[in-house]
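**Student:** Quick one: the structure is below, questions incoming.
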Amino acid sequence: MSAATIKEISLADRLRRRIAAEGPIRVCDFMDACNADALGGYYMSRQPIGAEGDFITAPEVSQIFGELLGLWCVAVWQSMGAPTSVTVAELGPGRGTLLRDAIRAWRASPQFLQNVSVALVETSPTLRQRQTETLAGVPVPLQWHASVNELTDGPLIVLANEFIDALPVRQLIRRGETWHERRVALDRNGGFIFVEGEAVAEEHLPPLAAPAGDGEILETRAAVASLIAELSARAERAPLAALFIDYGHVESACGDTLQAVQRHRYADPLESPGDADLSAHVDFADLKREAEAQGLVAYGPLPQGEFLLKLGLGARRDRLQQGATAEQMAAVISGAARLADPRQMGIVLKVLALTSGALPPPPPF
Ligand code: SAH
């Protein structure tokens with residue numbers, strides 16, 4: 001097929017052809033195509049984040065989020081001995097809002113501002129464009145990369161908000177004593193359906209908090225291991241600190257968390273490939289185990305609310321209200337509450353920090 005022909009065929013139709021030719025495909029391959037296909041992938045061609053998009057993230061809720069993470073970067077840099085060159089890399093920077101707010105907070109630390117450069121790890125051309133617009137005129141050098149493997153060596157601070165949950169998960173189903181691959185097939189009408197595939201050899205399955213029952217689903221993410229391997233290799237050469245904030249669970253456990261979100265509502269993950277955001281919870285226990293096995297030191301995960309309150313959310317909220325109009329005040333208060341409230345983003349989102357061995361615990365751990 002020529003490129004022109006491929007472009008005319010929808011992602012759904014290309015997936016149908018692929019399944020017809022290869023047989024049912026793994027859940028991780030389906031998710032990867034839906035989110036990251038170069039032509040029809042969800043993130044590749046649209047701007048999904050914000051009130052007018054499909055979902056809202058913490059940096060879009062309140063500027064306090066990015067500002068506190070910015071101050072975190074400065075504190076961590078100081079704990080590294082204030083090196084004269086440091087990279088702050090954000091993985092999946094979305095609209096660039098977190099970085100814009102972090103850079104605003106850096107203005108209070110001129111020495112940091114002089115020594116820092118920012119790396120944006122982003123695969124989507126549409127979002128790269130948006131990030132360029134948001135960050136126009138900021139007083140720090142910016143560089144875009146497709147993967148952490150491309151970053152230059154040296155002291156590194158990594159921020160990743162709702163990045164890992166968008167990376168593909170593999171799903172396995174328990175039958176008796178074995179795990180089976182969960183796959184996506186076609187029904188008679190060409191609709192996508194889940195099917196149970198072949199038995200798989202048990203290789204890198206995490207130790208579960210409770211034994212898996214018949215029919216239960218386990219999710220694993222190959223991309224996490226390679227990301228951690230890359231970070232730990234860098235941590236051996238230069239100081240490194242990373243912050244991962246995401247939806248997830250604290251213990252490794254069974255459960256089907258694959259979800260589709262479209263226009264701020266849950267949708268069927270198989271219904272419209274490339275038109276809804278597919279995500280799945282992060283197994284923080286596995287992330288932590290993997291990091292520790294590779295020689296990094298892990299802290300947390302802490303609930304997002306506790307993390308932000310300990311970093312000074314209350315003081316920042318009060319400061320922003322000074323000289324604000326009544327309307328601005330209401331927005332500051334509701335934004336801060338939404339970030340930290342246990343019934344909103346305060347508990348479901350969790351924060352894990354990783355550092356290279358020689359660094360002290362990062363705030364507020
Ligand atoms: N951190 C932002 C956006 C979260 S959405 C926020 O909090 O608002 C996920 C982001 O990760 C998007 O920017 C998406 O384009 C990017 N992304 C998804 N998969 C990626 C990958 N494999 N490599 C780099 N970026 C990726």
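Each chain in the structure tokens gets a letter, A, B, ..., in the order shown, and its residues are numbered from 1; ligands are numbered from 1 in order too.
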Just want the residues within 9 Å of ligand 1, written as number ranges by chain, counting only C-alpha atoms and all ligand atoms.
**Tutor:** A: 32, 35-36, 42-44, 47-50, 55-60, 90-98, 120-128, 145-148, 159-168, 223, 245, 277
**Student:** Any chance you could export the current selection's C-alpha atoms as an mmCIF file, in the first residue's frame?
**Tutor:**
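Final file, selection_32.cif:
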data_model
loop_
_atom_site.group_PDB
_atom_site.id
_atom_site.type_symbol
_atom_site.label_atom_id
_atom_site.label_comp_id
_atom_site.auth_asym_id
_atom_site.auth_seq_id
_atom_site.Cartn_x
_atom_site.Cartn_y
_atom_site.Cartn_z
ATOM 1 C CA ASP A 32 -0.060 0.852 21.180
ATOM 2 C CA ASN A 35 -2.523 5.677 21.191
ATOM 3 C CA ALA A 36 0.613 5.924 19.086
ATOM 4 C CA TYR A 42 -4.985 9.127 19.546
ATOM 5 C CA TYR A 43 -2.095 11.349 20.649
ATOM 6 C CA MET A 44 -0.588 11.865 17.210
ATOM 7 C CA GLN A 47 -4.839 17.995 21.333
ATOM 8 C CA PRO A 48 -6.690 15.827 23.862
ATOM 9 C CA ILE A 49 -6.045 17.554 27.195
ATOM 10 C CA GLY A 50 -8.117 20.275 28.881
ATOM 11 C CA PHE A 55 -9.581 14.649 29.890
ATOM 12 C CA ILE A 56 -8.117 17.020 32.501
ATOM 13 C CA THR A 57 -4.760 16.584 34.198
ATOM 14 C CA ALA A 58 -3.311 18.150 37.348
ATOM 15 C CA PRO A 59 -1.258 20.887 35.600
ATOM 16 C CA GLU A 60 -4.444 21.994 33.803
ATOM 17 C CA GLU A 90 9.567 16.056 31.182
ATOM 18 C CA LEU A 91 8.175 12.827 29.748
ATOM 19 C CA GLY A 92 4.908 13.384 27.857
ATOM 20 C CA PRO A 93 4.574 17.131 28.525
ATOM 21 C CA GLY A 94 1.029 17.408 27.094
ATOM 22 C CA ARG A 95 0.248 21.075 26.437
ATOM 23 C CA GLY A 96 3.449 22.274 28.156
ATOM 24 C CA THR A 97 1.506 23.759 31.073
ATOM 25 C CA LEU A 98 3.467 22.038 33.853
ATOM 26 C CA LEU A 120 10.721 17.591 26.295
ATOM 27 C CA VAL A 121 10.279 13.889 25.567
ATOM 28 C CA GLU A 122 7.280 13.808 23.249
ATOM 29 C CA THR A 123 6.252 11.619 20.316
ATOM 30 C CA SER A 124 3.230 13.577 19.114
ATOM 31 C CA PRO A 125 3.883 16.277 16.475
ATOM 32 C CA THR A 126 0.603 18.010 17.384
ATOM 33 C CA LEU A 127 1.493 18.245 21.067
ATOM 34 C CA ARG A 128 5.081 19.313 20.244
ATOM 35 C CA HIS A 145 13.343 14.302 21.956
ATOM 36 C CA ALA A 146 11.407 11.181 20.999
ATOM 37 C CA SER A 147 12.756 9.089 23.883
ATOM 38 C CA VAL A 148 14.825 9.342 27.097
ATOM 39 C CA LEU A 159 9.213 14.711 35.678
ATOM 40 C CA ALA A 160 6.439 12.445 34.388
ATOM 41 C CA ASN A 161 2.784 13.255 35.062
ATOM 42 C CA GLU A 162 0.270 10.781 33.653
ATOM 43 C CA PHE A 163 2.899 9.462 31.271
ATOM 44 C CA ILE A 164 3.243 5.796 32.233
ATOM 45 C CA ASP A 165 -0.519 5.166 32.257
ATOM 46 C CA ALA A 166 -0.599 5.915 28.520
ATOM 47 C CA LEU A 167 2.085 3.303 27.728
ATOM 48 C CA PRO A 168 0.749 -0.048 26.446
ATOM 49 C CA ALA A 223 8.010 -0.215 28.593
ATOM 50 C CA ILE A 245 2.840 10.841 39.170
ATOM 51 C CA ASP A 277 -7.599 7.991 25.256
#
**Student:** Measuring between only C-alpha atoms, which one of A:Ala201, A:Ile193, A:Phe30, A:Phe65 shows the shortest distance to Leu339 of chain A?
**Tutor:**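 That would be A:Phe65, the residue with the smallest distance to Leu339 of chain A.
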**Student:** I'd like the contact shell of Pro141 of chain A - 9 Å cut-off, only C-alpha atoms, skipping same-chain residues fewer than 5 positions apart - returned as a PyMOL selection string.
**Tutor:** chain A and resi 116-119
**Student:** Would you pick out the contacts of Ala353 of chain A at 10 Å or less, using only C-alpha atoms, so that residues sharing its chain but fewer than 2 positions from it are not included, and give the list as a ChimeraX atom specification?
**Tutor:** /A:158-159,241-245,288,296-302,351,355,361-365
**Student:** Keeping C-alpha atoms for every residue in the selection just given, could you write it to a file as a PDB file, in the first residue's frame?
**Tutor:**
ATOM      1  CA  VAL A 158      12.877  13.735  35.300  1.00  0.00           C
ATOM      2  CA  LEU A 159       9.213  14.711  35.678  1.00  0.00           C
ATOM      3  CA  ALA A 241      16.206  12.219  40.412  1.00  0.00           C
ATOM      4  CA  ALA A 242      12.826  11.332  38.899  1.00  0.00           C
ATOM      5  CA  LEU A 243       9.217  11.924  39.867  1.00  0.00           C
ATOM      6  CA  PHE A 244       6.418   9.726  38.524  1.00  0.00           C
ATOM      7  CA  ILE A 245       2.840  10.841  39.170  1.00  0.00           C
ATOM      8  CA  LYS A 288       9.601   0.389  42.621  1.00  0.00           C
ATOM      9  CA  LEU A 296      18.047   3.215  42.105  1.00  0.00           C
ATOM     10  CA  VAL A 297      16.611   4.350  45.445  1.00  0.00           C
ATOM     11  CA  ALA A 298      12.803   4.611  45.547  1.00  0.00           C
ATOM     12  CA  TYR A 299      10.603   6.778  47.801  1.00  0.00           C
ATOM     13  CA  GLY A 300       6.836   6.461  48.151  1.00  0.00           C
ATOM     14  CA  PRO A 301       4.429   6.229  46.531  1.00  0.00           C
ATOM     15  CA  LEU A 302       2.681   9.010  48.444  1.00  0.00           C
ATOM     16  CA  VAL A 351       3.752  10.054  43.511  1.00  0.00           C
ATOM     17  CA  THR A 355      17.135   8.851  42.847  1.00  0.00           C
ATOM     18  CA  PRO A 361      15.922  11.711  50.166  1.00  0.00           C
ATOM     19  CA  PRO A 362      14.162  14.294  47.956  1.00  0.00           C
ATOM     20  CA  PRO A 363      11.492  16.525  49.537  1.00  0.00           C
ATOM     21  CA  PRO A 364       9.047  15.719  51.048  1.00  0.00           C
ATOM     22  CA  PHE A 365       9.998  12.044  51.515  1.00  0.00           C
TER      23      PHE A 365
END
**Student:** Using only C-alpha atoms, determine which residues lie at most 8 Å from segment 212-219 of chain A, disregarding the query and same-chain residues fewer than 6 positions distant; provide the list as an MDAnalysis selection string.
**Tutor:** chainID A and resid 169:176 253:256
**Student:** I need the chosen residues saved as an mmCIF file, in the first residue's frame, with C-alpha atoms.
**Tutor:**
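Output contents, as saved in again-v8.cif:
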data_model
loop_
_atom_site.group_PDB
_atom_site.id
_atom_site.type_symbol
_atom_site.label_atom_id
_atom_site.label_comp_id
_atom_site.auth_asym_id
_atom_site.auth_seq_id
_atom_site.Cartn_x
_atom_site.Cartn_y
_atom_site.Cartn_z
ATOM 1 C CA VAL A 169 -0.174 -2.787 28.932
ATOM 2 C CA ARG A 170 -0.214 -6.477 28.221
ATOM 3 C CA GLN A 171 -3.094 -8.403 29.771
ATOM 4 C CA LEU A 172 -2.877 -12.013 30.950
ATOM 5 C CA ILE A 173 -5.789 -14.159 32.126
ATOM 6 C CA ARG A 174 -5.441 -16.826 34.818
ATOM 7 C CA ARG A 175 -6.764 -20.314 33.963
ATOM 8 C CA GLY A 176 -5.944 -23.001 36.505
ATOM 9 C CA ALA A 253 -2.663 -7.148 42.202
ATOM 10 C CA CYS A 254 -4.992 -8.555 39.555
ATOM 11 C CA GLY A 255 -7.606 -6.378 37.869
ATOM 12 C CA ASP A 256 -8.631 -5.098 34.454
#
**Student:** Pick the closest to Ile64 of chain A from A:Asp153, A:Asp268, A:Asp29, A:Asp101: which is it, counting only C-alpha atoms?
**Tutor:** A:Asp101
**Student:** I'd like the neighbourhood of Ser79 of chain A as a PyMOL selection string, where a residue qualifies if any of its atoms comes within 7 Å (using only C-alpha atoms), though same-chain residues fewer than 3 positions away should be ignored.
**Tutor:** chain A and resi 75-76+82+359-360
**Student:** Any chance you can output those residues with C-alpha atoms as a CSV table (one decimal), in the first residue's frame?
**Tutor:**
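Final output, saved to again.csv:
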chain,number,residue,atom,x,y,z
A,75,ALA,CA,15.7,21.6,45.9
A,76,VAL,CA,16.8,18.4,44.2
A,82,ALA,CA,24.1,22.7,42.5
A,359,LEU,CA,21.6,11.6,46.9
A,360,PRO,CA,19.7,12.4,50.1
**Student:** Looking only at the backbone, which of the residues in segment 84-310 of chain A does DSSP tag as helix (DSSP H, G or I), as a PyMOL selection string?
**Tutor:** chain A and resi 97-106+110-115+125-134+148-150+164-166+222-237+284-293+304-310
**Student:** At a cut-off of 8 Å, using only C-alpha atoms, what residues contact Cys34 of chain A? Leave out same-chain residues fewer than 4 positions from it and give the result as a list in words.
**Tutor:** Leu11, Phe30, Gly40, Gly41, Tyr42, Pro273, Gly274, Asp275 and Leu278 of chain A
**Student:** Just write the chosen residues, N, CA, C and O atoms, as an mmCIF file, in the first residue's frame.
**Tutor:**
data_model
loop_
_atom_site.group_PDB
_atom_site.id
_atom_site.type_symbol
_atom_site.label_atom_id
_atom_site.label_comp_id
_atom_site.auth_asym_id
_atom_site.auth_seq_id
_atom_site.Cartn_x
_atom_site.Cartn_y
_atom_site.Cartn_z
ATOM 1 N N LEU A 11 -7.786 3.903 11.045
ATOM 2 C CA LEU A 11 -7.015 3.015 11.913
ATOM 3 C C LEU A 11 -7.814 1.748 12.206
ATOM 4 O O LEU A 11 -7.269 0.642 12.196
ATOM 5 N N PHE A 30 -2.697 -3.694 20.471
ATOM 6 C CA PHE A 30 -3.905 -2.923 20.152
ATOM 7 C C PHE A 30 -3.806 -1.526 20.791
ATOM 8 O O PHE A 30 -4.018 -0.504 20.130
ATOM 9 N N GLY A 40 -3.072 7.386 12.702
ATOM 10 C CA GLY A 40 -4.396 7.426 13.337
ATOM 11 C C GLY A 40 -4.370 7.343 14.847
ATOM 12 O O GLY A 40 -5.415 7.296 15.485
ATOM 13 N N GLY A 41 -3.172 7.348 15.455
ATOM 14 C CA GLY A 41 -3.061 7.198 16.912
ATOM 15 C C GLY A 41 -3.662 8.389 17.645
ATOM 16 O O GLY A 41 -3.566 9.527 17.184
ATOM 17 N N TYR A 42 -4.260 8.109 18.787
ATOM 18 C CA TYR A 42 -4.985 9.127 19.546
ATOM 19 C C TYR A 42 -4.150 10.382 19.803
ATOM 20 O O TYR A 42 -4.607 11.506 19.613
ATOM 21 N N PRO A 273 -11.047 2.827 17.815
ATOM 22 C CA PRO A 273 -9.589 2.915 17.911
ATOM 23 C C PRO A 273 -9.063 4.275 17.450
ATOM 24 O O PRO A 273 -9.396 4.739 16.364
ATOM 25 N N GLY A 274 -8.246 4.909 18.309
ATOM 26 C CA GLY A 274 -7.621 6.178 17.946
ATOM 27 C C GLY A 274 -8.457 7.399 18.286
ATOM 28 O O GLY A 274 -7.969 8.522 18.202
ATOM 29 N N ASP A 275 -9.728 7.203 18.675
ATOM 30 C CA ASP A 275 -10.576 8.358 18.977
ATOM 31 C C ASP A 275 -10.774 8.583 20.471
ATOM 32 O O ASP A 275 -11.383 9.571 20.867
ATOM 33 N N LEU A 278 -6.710 5.756 25.628
ATOM 34 C CA LEU A 278 -6.619 4.468 26.335
ATOM 35 C C LEU A 278 -5.528 4.562 27.389
ATOM 36 O O LEU A 278 -4.408 4.995 27.111
#
**Student:** Atom CA of Thr257 of chain A to atom CA of Asn149 of chain A: how many Å, to one decimal?
**Tutor:** 28.5 Å
**Student:** Please report the interatomic distance between atom CA of Gly23 of chain A and atom CA of Val184 of chain A in Å with one decimal.
**Tutor:**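 Computing the Euclidean distance for atom CA of Gly23 of chain A and atom CA of Val184 of chain A yields 8.9 Å.
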